[in-house]
>>> print(open('run_15.txt').read())   # compact mmCIF, C-alpha atoms
# COMPACT_ATOMS: atom_id res chain seq x y z
CA MET A 1362 0.00 0.00 0.00
CA ILE A 1363 1.11 3.56 -0.64
CA LEU A 1364 1.63 5.47 2.57
CA GLU A 1365 0.55 9.01 3.24
CA GLY A 1366 2.67 11.66 1.57
CA ARG A 1367 5.91 9.72 1.66
CA CYS A 1368 5.86 9.34 -2.08
CA LEU A 1369 6.35 13.06 -2.53
CA GLN A 1370 9.88 12.94 -1.19
CA ARG A 1371 12.64 12.00 -3.56
CA PRO A 1372 13.57 8.54 -2.34
CA ARG A 1373 17.15 7.82 -1.41
CA LEU A 1374 18.59 5.00 -3.50
CA ILE A 1375 22.05 4.79 -2.03
CA VAL A 1376 22.23 2.94 1.27
CA SER A 1377 25.32 1.36 2.82
CA THR A 1378 27.73 -0.06 0.23
CA ASP A 1379 27.06 -3.69 1.11
CA SER A 1380 23.30 -3.54 1.01
CA ALA A 1381 23.37 -1.08 -1.92
CA GLN A 1382 24.85 -3.79 -4.13
CA LEU A 1383 22.42 -6.43 -2.90
CA LEU A 1384 19.55 -3.96 -3.42
CA ASP A 1385 20.69 -3.28 -6.97
CA TYR A 1386 20.98 -7.01 -7.61
CA VAL A 1387 17.49 -7.83 -6.32
CA LEU A 1388 15.94 -4.87 -8.18
CA ARG A 1389 17.23 -6.32 -11.45
CA PHE A 1390 15.19 -9.49 -10.98
CA GLY A 1391 12.12 -7.63 -9.74
CA ASP A 1392 12.25 -5.07 -12.55
CA ASN A 1393 12.69 -7.70 -15.29
CA ASP A 1394 9.54 -9.43 -14.07
CA LEU A 1395 7.58 -6.22 -13.53
CA ILE A 1396 8.32 -4.61 -16.90
CA LEU A 1397 7.76 -7.79 -18.91
CA SER A 1398 4.52 -8.36 -16.99
CA GLN A 1399 3.35 -4.85 -17.89
CA ARG A 1400 4.22 -5.44 -21.55
CA LEU A 1401 2.29 -8.72 -21.64
CA ALA A 1402 -0.68 -7.10 -19.94
CA GLU A 1403 -0.96 -4.82 -23.00
CA TRP A 1404 -2.21 -7.91 -24.84
CA CYS A 1405 -5.17 -8.27 -22.48
CA GLY A 1406 -8.28 -8.28 -24.64
CA HIS A 1407 -6.21 -8.15 -27.86
CA GLY A 1408 -4.90 -11.72 -28.12
CA PRO A 1409 -5.19 -13.41 -31.54
CA ILE A 1410 -7.33 -16.17 -30.02
CA LEU A 1411 -9.05 -16.45 -26.65
CA GLU A 1412 -6.68 -19.13 -25.34
CA GLU A 1413 -3.66 -16.97 -26.11
CA ASP A 1414 -5.27 -13.93 -24.53
CA LEU A 1415 -5.63 -16.01 -21.36
CA ALA A 1416 -2.13 -17.43 -21.63
CA GLN A 1417 -0.44 -14.03 -22.06
CA THR A 1418 -2.23 -12.57 -19.08
CA ASN A 1419 -1.60 -15.67 -16.97
CA VAL A 1420 2.11 -15.37 -17.64
CA ALA A 1421 1.86 -11.63 -16.91
CA LEU A 1422 0.18 -12.44 -13.60
CA ASP A 1423 2.86 -14.96 -12.61
CA LEU A 1424 5.56 -12.40 -13.41
CA LEU A 1425 3.73 -9.71 -11.46
CA GLY A 1426 3.55 -12.00 -8.43
CA GLN A 1427 7.25 -12.76 -8.74
CA ALA A 1428 8.04 -9.05 -9.12
CA GLN A 1429 6.13 -8.40 -5.92
CA LEU A 1430 8.19 -10.99 -4.03
CA TRP A 1431 11.48 -9.53 -5.32
CA LEU A 1432 10.50 -5.91 -4.70
CA GLU A 1433 9.18 -6.68 -1.22
CA TYR A 1434 12.55 -8.17 -0.41
CA ALA A 1435 14.34 -5.21 -2.06
CA GLY A 1436 12.39 -2.91 0.26
CA LYS A 1437 13.62 -4.89 3.26
CA VAL A 1438 17.21 -4.76 2.03
CA GLU A 1439 16.99 -1.01 1.48
CA ASP A 1440 15.43 -0.59 4.94
CA ASN A 1441 14.21 2.90 4.18
CA GLY A 1442 10.45 2.43 4.54
CA ARG A 1443 9.70 1.71 0.87
CA ASP A 1444 7.57 -1.31 0.09
CA ALA A 1445 7.01 -3.20 -3.18
CA ASP A 1446 4.34 -0.74 -4.36
CA GLN A 1447 6.48 2.29 -3.78
CA LEU A 1448 9.40 0.72 -5.59
CA ALA A 1449 7.16 -0.18 -8.53
CA PHE A 1450 5.21 3.04 -8.84
CA LEU A 1451 7.47 5.79 -7.59
CA ARG A 1452 10.84 5.22 -9.21
CA ASP A 1453 11.89 6.97 -12.40
CA ALA A 1454 13.23 5.28 -15.52
CA HIS A 1455 16.91 5.69 -14.59
CA GLU A 1456 16.25 3.86 -11.30
CA PHE A 1457 14.91 0.78 -13.07
CA ARG A 1458 17.36 -2.09 -13.43
CA ASN A 1459 15.65 -4.34 -15.98
CA ILE A 1460 17.47 -5.56 -19.07
CA LEU A 1461 16.57 -3.83 -22.34
CA LEU A 1462 15.00 -6.96 -23.85
CA VAL A 1463 11.91 -6.87 -21.62
CA GLU A 1464 11.02 -3.26 -22.42
CA GLN A 1465 10.97 -3.85 -26.19
CA GLU A 1466 7.60 -3.28 -27.83
CA ASN A 1467 5.15 -6.11 -28.34
CA GLY A 1468 5.21 -5.66 -32.11
CA ASP A 1469 3.45 -8.47 -33.93
CA TYR A 1470 2.85 -11.84 -32.26
CA ALA A 1471 6.19 -13.13 -33.52
CA HIS A 1472 8.02 -10.34 -31.65
CA THR A 1473 6.08 -10.97 -28.44
CA ILE A 1474 6.73 -14.72 -28.62
CA VAL A 1475 10.43 -14.44 -29.49
CA ARG A 1476 11.04 -11.87 -26.73
CA GLN A 1477 9.30 -14.24 -24.33
CA PHE A 1478 11.23 -17.28 -25.52
CA TYR A 1479 14.65 -15.58 -25.26
CA PHE A 1480 13.71 -14.39 -21.78
CA ASP A 1481 12.07 -17.62 -20.53
CA ALA A 1482 15.03 -19.78 -21.59
CA TRP A 1483 17.38 -17.46 -19.67
CA HIS A 1484 15.00 -16.90 -16.72
CA PHE A 1485 14.72 -20.64 -16.20
CA LEU A 1486 18.50 -21.15 -16.08
CA LEU A 1487 18.96 -18.08 -13.87
CA LEU A 1488 16.41 -19.22 -11.26
CA GLU A 1489 17.82 -22.74 -11.33
CA ALA A 1490 21.25 -21.30 -10.51
CA LEU A 1491 19.87 -18.96 -7.83
CA GLU A 1492 18.17 -21.89 -6.10
CA SER A 1493 21.55 -22.56 -4.53
CA SER A 1494 22.19 -18.93 -3.52
CA GLY A 1495 23.65 -18.36 -0.09
CA ASN A 1496 20.92 -15.78 0.52
CA GLN A 1497 17.77 -17.40 1.93
CA SER A 1498 15.26 -14.94 0.41
CA ILE A 1499 16.80 -15.17 -3.05
CA ARG A 1500 16.83 -18.96 -2.77
CA GLU A 1501 13.18 -19.17 -1.72
CA ILE A 1502 11.84 -16.71 -4.30
CA SER A 1503 13.79 -18.54 -7.02
CA GLU A 1504 12.47 -21.94 -5.93
CA LYS A 1505 8.91 -20.63 -6.00
CA SER A 1506 9.26 -18.81 -9.35
CA LEU A 1507 11.02 -21.65 -11.13
CA LYS A 1508 7.92 -23.85 -10.94
CA GLU A 1509 5.94 -21.21 -12.82
CA VAL A 1510 8.65 -20.37 -15.33
CA ARG A 1511 8.84 -24.03 -16.41
CA TYR A 1512 5.33 -23.59 -17.87
CA HIS A 1513 6.25 -20.25 -19.45
CA LEU A 1514 9.19 -21.80 -21.30
CA ASP A 1515 7.12 -24.77 -22.46
CA ARG A 1516 4.61 -22.41 -23.98
CA SER A 1517 6.92 -19.89 -25.65
CA ALA A 1518 9.18 -22.64 -27.07
CA GLY A 1519 6.07 -24.42 -28.37
CA TRP A 1520 4.91 -21.27 -30.17
CA VAL A 1521 8.34 -20.66 -31.69
CA VAL A 1522 8.13 -24.12 -33.26
CA ARG A 1523 4.53 -23.70 -34.45
CA LEU A 1524 5.03 -20.25 -35.96
CA GLY A 1525 8.45 -21.02 -37.43
CA GLY A 1526 7.13 -24.15 -39.09
CA GLY A 1527 3.73 -22.63 -39.88
CA THR A 1528 2.95 -20.68 -43.04
CA GLU A 1529 5.39 -18.76 -45.21
CA GLU A 1530 4.04 -15.56 -43.62
CA SER A 1531 4.51 -16.74 -40.03
CA HIS A 1532 7.97 -18.09 -40.84
CA THR A 1533 9.07 -14.76 -42.35
CA ARG A 1534 7.73 -12.81 -39.40
CA MET A 1535 9.51 -15.12 -36.95
CA GLU A 1536 12.75 -14.69 -38.86
CA ARG A 1537 12.37 -10.93 -38.61
CA ALA A 1538 11.65 -11.05 -34.87
CA ILE A 1539 14.51 -13.43 -34.10
CA ASN A 1540 17.00 -11.11 -35.79
CA ALA A 1541 15.52 -7.87 -34.46
CA LEU A 1542 15.64 -9.00 -30.82
CA TRP A 1543 18.99 -10.81 -30.98
CA PRO A 1544 21.08 -7.68 -30.10
CA PHE A 1545 19.19 -7.52 -26.78
CA THR A 1546 20.25 -11.01 -25.65
CA GLY A 1547 23.86 -10.19 -24.82
CA GLU A 1548 22.95 -8.19 -21.73
CA MET A 1549 21.56 -11.31 -20.05
CA PHE A 1550 25.06 -12.78 -19.79
CA GLU A 1551 26.99 -9.61 -19.03
CA MET A 1552 28.80 -9.52 -15.68
CA ASP A 1553 29.35 -6.12 -14.07
CA ALA A 1554 30.79 -5.12 -10.70
CA VAL A 1555 27.54 -5.87 -8.86
CA ASP A 1556 27.24 -9.34 -10.40
CA ALA A 1557 30.87 -10.09 -9.61
CA GLU A 1558 30.49 -8.96 -6.01
CA MET A 1559 27.36 -11.09 -5.56
CA VAL A 1560 29.19 -14.15 -6.92
CA GLU A 1561 32.08 -13.35 -4.58
CA GLN A 1562 29.70 -13.32 -1.61
CA GLY A 1563 28.10 -16.63 -2.62
CA ILE A 1564 24.78 -14.89 -3.27
CA GLY A 1565 24.70 -14.49 -7.05
CA CYS A 1566 25.38 -16.67 -10.04
CA ASP A 1567 27.92 -16.41 -12.84
CA LEU A 1568 25.80 -15.19 -15.74
CA ARG A 1569 28.49 -16.09 -18.29
CA ALA A 1570 28.03 -19.74 -17.37
CA LEU A 1571 24.38 -19.56 -18.47
CA ARG A 1572 25.31 -18.59 -22.01
CA ASP A 1573 26.14 -22.08 -23.37
CA PRO A 1574 23.09 -23.90 -21.98
CA TRP A 1575 20.91 -20.98 -23.17
CA LEU A 1576 22.36 -21.10 -26.67
CA ASN A 1577 21.86 -24.88 -26.72
CA GLN A 1578 18.19 -24.53 -25.87
CA VAL A 1579 17.69 -21.69 -28.36
CA SER A 1580 19.51 -23.54 -31.16
CA ARG A 1581 17.54 -26.73 -30.54
CA THR A 1582 14.18 -24.94 -30.60
CA LEU A 1583 15.01 -22.72 -33.57
CA SER A 1584 16.23 -25.69 -35.57
CA GLU A 1585 12.99 -27.53 -34.79
CA ALA A 1586 11.20 -24.39 -36.00
CA THR A 1587 13.23 -24.44 -39.26
CA LEU A 1588 14.75 -21.08 -38.26
CA ASN A 1589 18.41 -20.05 -38.11
CA VAL A 1590 20.31 -18.79 -35.08
CA PRO A 1591 21.42 -15.21 -35.89
CA ALA A 1592 25.11 -14.55 -36.42
CA ASP A 1593 27.19 -12.83 -33.72
CA CYS A 1594 26.62 -9.09 -33.71
CA TRP A 1595 27.02 -5.97 -31.62
CA MET A 1596 24.98 -6.24 -28.41
CA GLN A 1597 22.88 -3.51 -26.78
CA ARG A 1598 23.46 -2.90 -23.08
CA GLY A 1599 22.71 -0.42 -20.33
CA GLY A 1600 19.43 -1.48 -18.70
CA LYS A 1601 21.12 -3.02 -15.67
CA ARG A 1602 22.79 0.34 -14.99
CA GLY A 1603 19.59 2.31 -15.48
CA ILE A 1604 20.32 3.44 -19.05
CA HIS A 1605 17.16 2.60 -20.94
CA SER A 1606 15.58 3.09 -24.33
CA GLU A 1607 12.85 5.71 -24.60
CA ARG A 1608 10.34 2.85 -24.53
CA LEU A 1609 10.61 2.42 -20.76
CA GLY A 1610 9.36 5.97 -20.27
CA TYR A 1611 6.12 5.18 -22.08
CA ILE A 1612 5.65 1.99 -20.05
CA LEU A 1613 6.12 3.87 -16.76
CA ALA A 1614 3.87 6.73 -17.87
CA GLU A 1615 1.03 4.26 -18.17
CA MET A 1616 1.92 1.97 -15.27
CA GLN A 1617 2.59 4.75 -12.77
CA PHE A 1618 -0.10 7.17 -13.90
CA LEU A 1619 -2.46 6.72 -10.99
CA GLN A 1620 0.14 7.13 -8.24
CA ARG A 1621 1.68 10.14 -10.00
CA ALA A 1622 -1.68 11.85 -10.56
CA TYR A 1623 -3.13 10.96 -7.15
CA PRO A 1624 -0.20 10.45 -4.78
CA GLY A 1625 -1.01 8.06 -1.96
CA ALA A 1626 -4.23 6.75 -3.54
CA GLN A 1627 -5.17 3.32 -2.24
CA TRP A 1628 -7.17 0.50 -3.77
CA MET B 23 -9.16 -19.12 25.30
CA VAL B 24 -7.21 -22.01 26.78
CA ARG B 25 -4.19 -23.06 24.77
CA THR B 26 -4.23 -26.81 24.39
CA PRO B 27 -3.53 -29.11 21.44
CA ASN B 28 -7.27 -29.71 21.30
CA VAL B 29 -7.90 -26.07 20.59
CA GLU B 30 -5.41 -26.09 17.74
CA ARG B 31 -7.24 -29.04 16.27
CA GLU B 32 -10.43 -27.04 16.59
CA VAL B 33 -8.83 -24.14 14.70
CA TRP B 34 -7.98 -26.56 11.88
CA SER B 35 -11.64 -27.58 11.72
CA TRP B 36 -12.69 -23.92 11.45
CA LEU B 37 -10.18 -23.33 8.64
CA GLU B 38 -11.64 -26.39 6.93
CA GLU B 39 -14.81 -24.32 6.39
CA ILE B 40 -12.99 -21.70 4.30
CA MET B 41 -13.34 -22.39 0.59
CA ASP B 42 -11.05 -21.31 -2.24
CA PRO B 43 -12.91 -18.32 -3.76
CA GLU B 44 -12.26 -19.56 -7.31
CA ILE B 45 -13.02 -23.23 -6.64
CA PRO B 46 -15.73 -23.12 -3.95
CA VAL B 47 -15.76 -26.90 -3.36
CA LEU B 48 -12.15 -26.96 -2.21
CA SER B 49 -11.29 -25.91 1.34
CA ILE B 50 -7.99 -24.18 1.96
CA CYS B 51 -6.95 -27.22 4.01
CA ASP B 52 -7.76 -29.59 1.11
CA LEU B 53 -5.75 -27.26 -1.12
CA GLY B 54 -2.76 -27.79 1.17
CA ILE B 55 -1.91 -24.13 1.66
CA VAL B 56 -2.35 -24.06 5.46
CA ARG B 57 1.06 -25.22 6.66
CA ASN B 58 0.83 -24.60 10.38
CA VAL B 59 -1.34 -23.25 13.19
CA ARG B 60 0.22 -22.26 16.50
CA TRP B 61 -0.28 -20.02 19.49
CA GLU B 62 2.23 -17.39 20.50
CA GLU B 63 0.99 -16.27 23.89
CA THR B 64 -2.48 -14.93 23.09
CA GLU B 65 -1.88 -14.53 19.38
CA LEU B 66 -2.84 -17.19 16.87
CA VAL B 67 -0.30 -17.59 14.05
CA VAL B 68 -1.51 -19.20 10.84
CA THR B 69 1.20 -20.07 8.32
CA ILE B 70 0.09 -20.31 4.72
CA THR B 71 1.97 -20.89 1.52
CA PRO B 72 0.91 -19.29 -1.80
CA THR B 73 -0.22 -21.51 -4.67
CA TYR B 74 0.98 -19.28 -7.54
CA SER B 75 2.92 -16.14 -6.69
CA GLY B 76 0.48 -13.84 -8.51
CA CYS B 77 -2.78 -15.59 -7.57
CA PRO B 78 -5.26 -12.90 -6.46
CA ALA B 79 -7.24 -15.49 -4.49
CA MET B 80 -4.51 -15.43 -1.82
CA ALA B 81 -5.50 -11.93 -0.65
CA VAL B 82 -9.16 -12.98 -0.41
CA ILE B 83 -8.17 -16.12 1.50
CA ASN B 84 -6.18 -14.08 4.03
CA ASP B 85 -9.23 -11.88 4.67
CA GLU B 86 -11.43 -14.97 5.02
CA ILE B 87 -9.09 -16.53 7.57
CA ARG B 88 -9.18 -13.38 9.68
CA ALA B 89 -12.96 -13.07 9.46
CA THR B 90 -13.60 -16.75 10.25
CA LEU B 91 -11.32 -16.75 13.27
CA GLN B 92 -12.74 -13.49 14.55
CA LYS B 93 -16.24 -14.96 14.33
CA ARG B 94 -15.01 -17.77 16.61
CA GLY B 95 -13.67 -15.28 19.12
CA VAL B 96 -9.98 -15.26 18.16
CA THR B 97 -9.22 -11.56 18.01
CA LYS B 98 -5.44 -11.62 17.64
CA VAL B 99 -4.49 -13.35 14.42
CA ARG B 100 -1.25 -13.14 12.51
CA ILE B 101 -0.92 -14.66 9.05
CA GLU B 102 2.58 -15.61 8.01
CA THR B 103 3.48 -16.41 4.41
CA GLN B 104 5.98 -19.17 3.88
CA LEU B 105 7.56 -19.60 0.43
CA SER B 106 9.69 -22.65 1.03
CA PRO B 107 9.08 -25.51 0.54
CA ALA B 108 7.10 -24.26 -2.46
CA TRP B 109 3.48 -25.35 -2.66
CA THR B 110 2.87 -28.46 -4.74
CA THR B 111 -0.30 -30.16 -5.97
CA ASP B 112 0.99 -33.27 -4.13
CA TRP B 113 -0.42 -31.57 -1.01
CA LEU B 114 -3.98 -31.69 -2.32
CA SER B 115 -5.99 -34.02 -0.10
CA GLN B 116 -7.68 -37.14 -1.45
CA LYS B 117 -11.03 -35.63 -0.48
CA GLY B 118 -10.11 -32.45 -2.37
CA ARG B 119 -9.26 -34.42 -5.52
CA GLU B 120 -12.59 -36.23 -5.35
CA ARG B 121 -14.46 -32.94 -4.95
CA LEU B 122 -12.65 -31.35 -7.86
CA ARG B 123 -13.70 -34.22 -10.12
CA GLU B 124 -17.34 -34.00 -8.99
CA TYR B 125 -17.23 -30.26 -9.64
CA GLY B 126 -16.09 -30.83 -13.23
CA ILE B 127 -12.38 -30.08 -12.85
CA ALA B 128 -9.96 -32.92 -13.60
CA PRO B 129 -7.65 -33.37 -10.57
CA PRO B 130 -3.86 -33.18 -11.05
CA ARG B 131 -2.27 -36.34 -12.37
CA PRO B 132 1.46 -36.85 -12.98
CA LYS B 133 2.27 -37.67 -16.63
CA SER B 134 3.67 -41.05 -15.63
CA SER B 135 0.34 -42.20 -14.22
CA GLY B 136 -1.51 -41.98 -17.52
CA PRO B 137 -3.65 -39.56 -19.52
CA ILE B 138 -5.84 -36.78 -18.08
CA ARG B 139 -9.31 -38.22 -17.53
CA CYS B 140 -12.44 -36.32 -18.58
CA PRO B 141 -14.36 -35.36 -15.40
CA HIS B 142 -17.66 -35.51 -17.32
CA CYS B 143 -17.65 -38.90 -19.03
CA GLY B 144 -14.54 -40.55 -17.59
CA SER B 145 -12.85 -41.03 -20.97
CA ASP B 146 -9.06 -41.15 -21.16
CA SER B 147 -9.14 -39.83 -24.69
CA THR B 148 -8.56 -36.10 -24.12
CA HIS B 149 -6.22 -33.42 -25.40
CA LEU B 150 -4.60 -30.22 -24.13
CA VAL B 151 -5.80 -26.93 -25.62
CA SER B 152 -3.70 -24.57 -23.48
CA GLN B 153 -1.55 -24.86 -20.36
CA PHE B 154 -3.10 -21.58 -19.20
CA GLY B 155 -6.77 -21.34 -18.28
CA SER B 156 -9.28 -19.33 -16.30
CA THR B 157 -7.05 -19.21 -13.20
CA PRO B 158 -3.27 -19.71 -12.78
CA CYS B 159 -3.77 -23.26 -11.47
CA LYS B 160 -5.80 -24.59 -14.38
CA ALA B 161 -5.17 -25.75 -17.96
CA ILE B 162 -7.79 -26.12 -20.69
CA TYR B 163 -8.56 -29.58 -22.09
CA VAL B 164 -11.12 -31.03 -24.47
CA CYS B 165 -12.55 -34.55 -24.28
CA ASP B 166 -12.36 -36.44 -27.59
CA SER B 167 -15.18 -38.78 -26.54
CA CYS B 168 -17.95 -36.51 -25.19
CA ARG B 169 -16.50 -33.41 -26.94
CA GLU B 170 -16.87 -31.29 -23.80
CA PRO B 171 -14.17 -28.80 -22.84
CA PHE B 172 -13.00 -29.02 -19.24
CA ASP B 173 -10.57 -27.49 -16.75
CA TYR B 174 -7.60 -29.49 -15.54
CA PHE B 175 -5.99 -28.60 -12.21
CA LYS B 176 -2.43 -28.80 -13.47
CA CYS B 177 0.48 -30.44 -11.66
CA HIS B 178 2.70 -27.97 -9.91
>>> encode(input="run_15.txt", output="structure tokens")
Amino acid sequence: MILEGRCLQRPRLIVSTDSAQLLDYVLRFGDNDLILSQRLAEWCGHGPILEEDLAQTNVALDLLGQAQLWLEYAGKVEDNGRDADQLAFLRDAHEFRNILLVEQENGDYAHTIVRQFYFDAWHFLLLEALESSGNQSIREISEKSLKEVRYHLDRSAGWVVRLGGGTEESHTRMERAINALWPFTGEMFEMDAVDAEMVEQGIGCDLRALRDPWLNQVSRTLSEATLNVPADCWMQRGGKRGIHSERLGYILAEMQFLQRAYPGAQW
Amino acid sequence: MVRTPNVEREVWSWLEEIMDPEIPVLSICDLGIVRNVRWEETELVVTITPTYSGCPAMAVINDEIRATLQKRGVTKVRIETQLSPAWTTDWLSQKGRERLREYGIAPPRPKSSGPIRCPHCGSDSTHLVSQFGSTPCKAIYVCDSCREPFDYFKCH
């Protein structure tokens, strides 16, 4: 719940060095889930078929629940009186720590599915690795989320195969989406100072180690879909440091509208 | 209220009356989300575990627990959420599974133990339409024998 008036102050993001890094780390997971959830929710009522409308919003709901768990914990780490709602609705774009992939536009269904598939395949491996984190909260949230993400990956991989092997039109669109989103996949495996410190402390996982199993899964599925894995190319980065594309601003404008227009409003 | 093991057992029987708001034939105890009930001095602590992390029914269930216990005279109630071990459909009671089937929802069944059975006609000849249905816990199936669509409470 949003508390009286507190949202009007500019929140402090920097806490002690130790917890600042952990906070940053946890925000990354929470923000990935939150922003992708918001993107998927845009499909609500617009799905190509009823079953897919339900599926998109179900996945969005799972991700929203997971975001809430991460952000609640982030609030505890920060220890500055902000809860999950305040972190979701009262931070500005540069304070968001999600990777650039999840803020990309829905585009056509091929783009939505490919974005989801790239993310799900990585999300699954990430949570699996974090299940053995030395941090109890991270371990528990990962264990809980992993059970849901298994279904997400099943679905998005299934659609990649169906659309890739579908009609000439669906195949062409998938090809376009696979190439357009490829430059946003590098950031998932990038290790910065925060990641390194978290590995050092036995809390985080080595993201570089996820790259091979991810590429295996992607190659297997794309080959089943009669699609080619894109060639190596320059990779976009910045989301984890708060440097986003202009797209995030539009997402936040919609998502945060109510709390910005009516500070402290409660459900 | 006197704190004895008997009273805790009584609390369990009160919680047994609270139904899942989305599946009103299934009590929260049958669902397996009530993990523990204990007294801390004069406060009753109920530990529950969420089914799916985004399931909106959980908030309604928390309110119901409070209201039900208050009606029985327990004024100080604390609800704790426990994430680990993560909830699994293995915790669904036998009675709960039976009730689901009678209600028209196929109960969870591990892949190894055979096909998903149609809750309407009992046929094993069914197929999956979507892993995601009307609530996070259900998938959509269609029966190839009686042609009826049905919900399947998916394994988790």
>>> atom_distance(input="run_15.txt", atom1="atom CA of A:Asp1481", atom2="atom CA of A:Leu1384")
23.1 Å
>>> residues_near_point(input="run_15.txt", point="(-14.0, -18.8, 9.5)", cutoff="9 Å", atoms="all atoms listed in the file", output="number ranges by chain")
B: 36-40, 86-94
>>> closest_atom_pairs(input="run_15.txt", of="chain B", to="chain A", cutoff="8 Å", atoms="only C-alpha atoms", output="JSON lines")
{"residue": "B:Tyr74", "atom": "CA", "partner": "A:Asp1423", "partner_atom": "CA", "distance": 6.9}
{"residue": "B:Ser75", "atom": "CA", "partner": "A:Gly1426", "partner_atom": "CA", "distance": 4.5}
{"residue": "B:Gly76", "atom": "CA", "partner": "A:Gly1426", "partner_atom": "CA", "distance": 3.6}
{"residue": "B:Cys77", "atom": "CA", "partner": "A:Gly1426", "partner_atom": "CA", "distance": 7.3}
{"residue": "B:Leu105", "atom": "CA", "partner": "A:Glu1501", "partner_atom": "CA", "distance": 6.0}
{"residue": "B:Ser106", "atom": "CA", "partner": "A:Glu1501", "partner_atom": "CA", "distance": 5.6}
{"residue": "B:Pro107", "atom": "CA", "partner": "A:Glu1501", "partner_atom": "CA", "distance": 7.9}
{"residue": "B:Ala108", "atom": "CA", "partner": "A:Lys1505", "partner_atom": "CA", "distance": 5.4}
{"residue": "B:Trp109", "atom": "CA", "partner": "A:Lys1505", "partner_atom": "CA", "distance": 7.9}
{"residue": "B:Val151", "atom": "CA", "partner": "A:Glu1412", "partner_atom": "CA", "distance": 7.9}
{"residue": "B:Ser152", "atom": "CA", "partner": "A:Glu1412", "partner_atom": "CA", "distance": 6.5}
{"residue": "B:Gln153", "atom": "CA", "partner": "A:Tyr1512", "partner_atom": "CA", "distance": 7.4}
{"residue": "B:Phe154", "atom": "CA", "partner": "A:Ala1416", "partner_atom": "CA", "distance": 4.9}
{"residue": "B:Gly155", "atom": "CA", "partner": "A:Leu1415", "partner_atom": "CA", "distance": 6.3}
{"residue": "B:Ser156", "atom": "CA", "partner": "A:Leu1415", "partner_atom": "CA", "distance": 7.1}
{"residue": "B:Thr157", "atom": "CA", "partner": "A:Asn1419", "partner_atom": "CA", "distance": 7.5}
{"residue": "B:Pro158", "atom": "CA", "partner": "A:Asn1419", "partner_atom": "CA", "distance": 6.1}
{"residue": "B:His178", "atom": "CA", "partner": "A:Lys1508", "partner_atom": "CA", "distance": 6.7}
>>> atom_distance(input="run_15.txt", atom1="atom CA of A:Gln1477", atom2="atom CA of A:His1605")
18.9 Å
>>> residues_near_point(input="run_15.txt", point="(-12.4, -16.5, 2.2)", cutoff="8 Å", atoms="only C-alpha atoms", output="ChimeraX atom specification")
/B:40-43,82-87
>>> closest_residue(input="run_15.txt", among="A:Leu1588, A:Leu1397, A:Ala1454, A:Ala1570", to="A:Asn1467", atoms="all atoms listed in the file")
A:Leu1397
>>> atom_distance(input="run_15.txt", atom1="atom CA of B:Arg100", atom2="atom CA of B:Glu65")
7.0 Å
>>> residues_around(input="run_15.txt", residues="B:Ser145", least_positions_apart="2", cutoff="12 Å", atoms="only C-alpha atoms", output="list of chain:residue names")
B:Ala128, B:Gly136, B:Pro137, B:Ile138, B:Arg139, B:Cys140, B:Pro141, B:His142, B:Cys143, B:Ser147, B:Thr148, B:His149, B:Val164, B:Cys165, B:Asp166, B:Ser167, B:Cys168, B:Arg169, B:Glu170
>>> residues_around(input="run_15.txt", residues="B:Lys176", least_positions_apart="4", cutoff="7 Å", atoms="only C-alpha atoms", output="ChimeraX atom specification")
/B:130,159-161
>>> axis_aligned_box(input="run_15.txt", around="stretch 129-147 of chain B", padding_each_side="6 Å", output="AutoDock Vina command-line options")
--center_x -7.0 --center_y -37.7 --center_z -17.6 --size_x 33.3 --size_y 21.0 --size_z 26.1
>>> residues_around(input="run_15.txt", residues="A:Tyr1470", least_positions_apart="3", cutoff="9 Å", atoms="only C-alpha atoms", output="list of chain:residue names")
A:Gly1408, A:Pro1409, A:Asn1467, A:Thr1473, A:Ile1474, A:Val1475, A:Arg1534, A:Met1535
>>> write_last_selection(input="run_15.txt", atoms="C-alpha atoms", output="PDB file, keeping the file's coordinate frame")
ATOM      1  CA  GLY A1408      -4.900 -11.720 -28.120  1.00  0.00           C
ATOM      2  CA  PRO A1409      -5.190 -13.410 -31.540  1.00  0.00           C
ATOM      3  CA  ASN A1467       5.150  -6.110 -28.340  1.00  0.00           C
ATOM      4  CA  THR A1473       6.080 -10.970 -28.440  1.00  0.00           C
ATOM      5  CA  ILE A1474       6.730 -14.720 -28.620  1.00  0.00           C
ATOM      6  CA  VAL A1475      10.430 -14.440 -29.490  1.00  0.00           C
ATOM      7  CA  ARG A1534       7.730 -12.810 -39.400  1.00  0.00           C
ATOM      8  CA  MET A1535       9.510 -15.120 -36.950  1.00  0.00           C
TER       9      MET A1535
END
>>> closest_residue(input="run_15.txt", among="A:His1532, A:Arg1389, A:Arg1608, A:Arg1598", to="A:Phe1457", atoms="all atoms listed in the file")
A:Arg1389
>>> residues_around(input="run_15.txt", residues="A:Ala1490", least_positions_apart="6", cutoff="9 Å", atoms="only C-alpha atoms", output="number ranges by chain")
A: 1503, 1565-1567, 1571
>>> residues_around(input="run_15.txt", residues="A:Asp1556", least_positions_apart="6", cutoff="10 Å", atoms="all atoms listed in the file", output="ChimeraX atom specification")
/A:1382-1383,1385-1386,1562,1564-1568
>>> write_last_selection(input="run_15.txt", atoms="C-alpha atoms", output="CSV table (one decimal), in the coordinates of the input")
chain,number,residue,atom,x,y,z
A,1382,GLN,CA,24.8,-3.8,-4.1
A,1383,LEU,CA,22.4,-6.4,-2.9
A,1385,ASP,CA,20.7,-3.3,-7.0
A,1386,TYR,CA,21.0,-7.0,-7.6
A,1562,GLN,CA,29.7,-13.3,-1.6
A,1564,ILE,CA,24.8,-14.9,-3.3
A,1565,GLY,CA,24.7,-14.5,-7.0
A,1566,CYS,CA,25.4,-16.7,-10.0
A,1567,ASP,CA,27.9,-16.4,-12.8
A,1568,LEU,CA,25.8,-15.2,-15.7
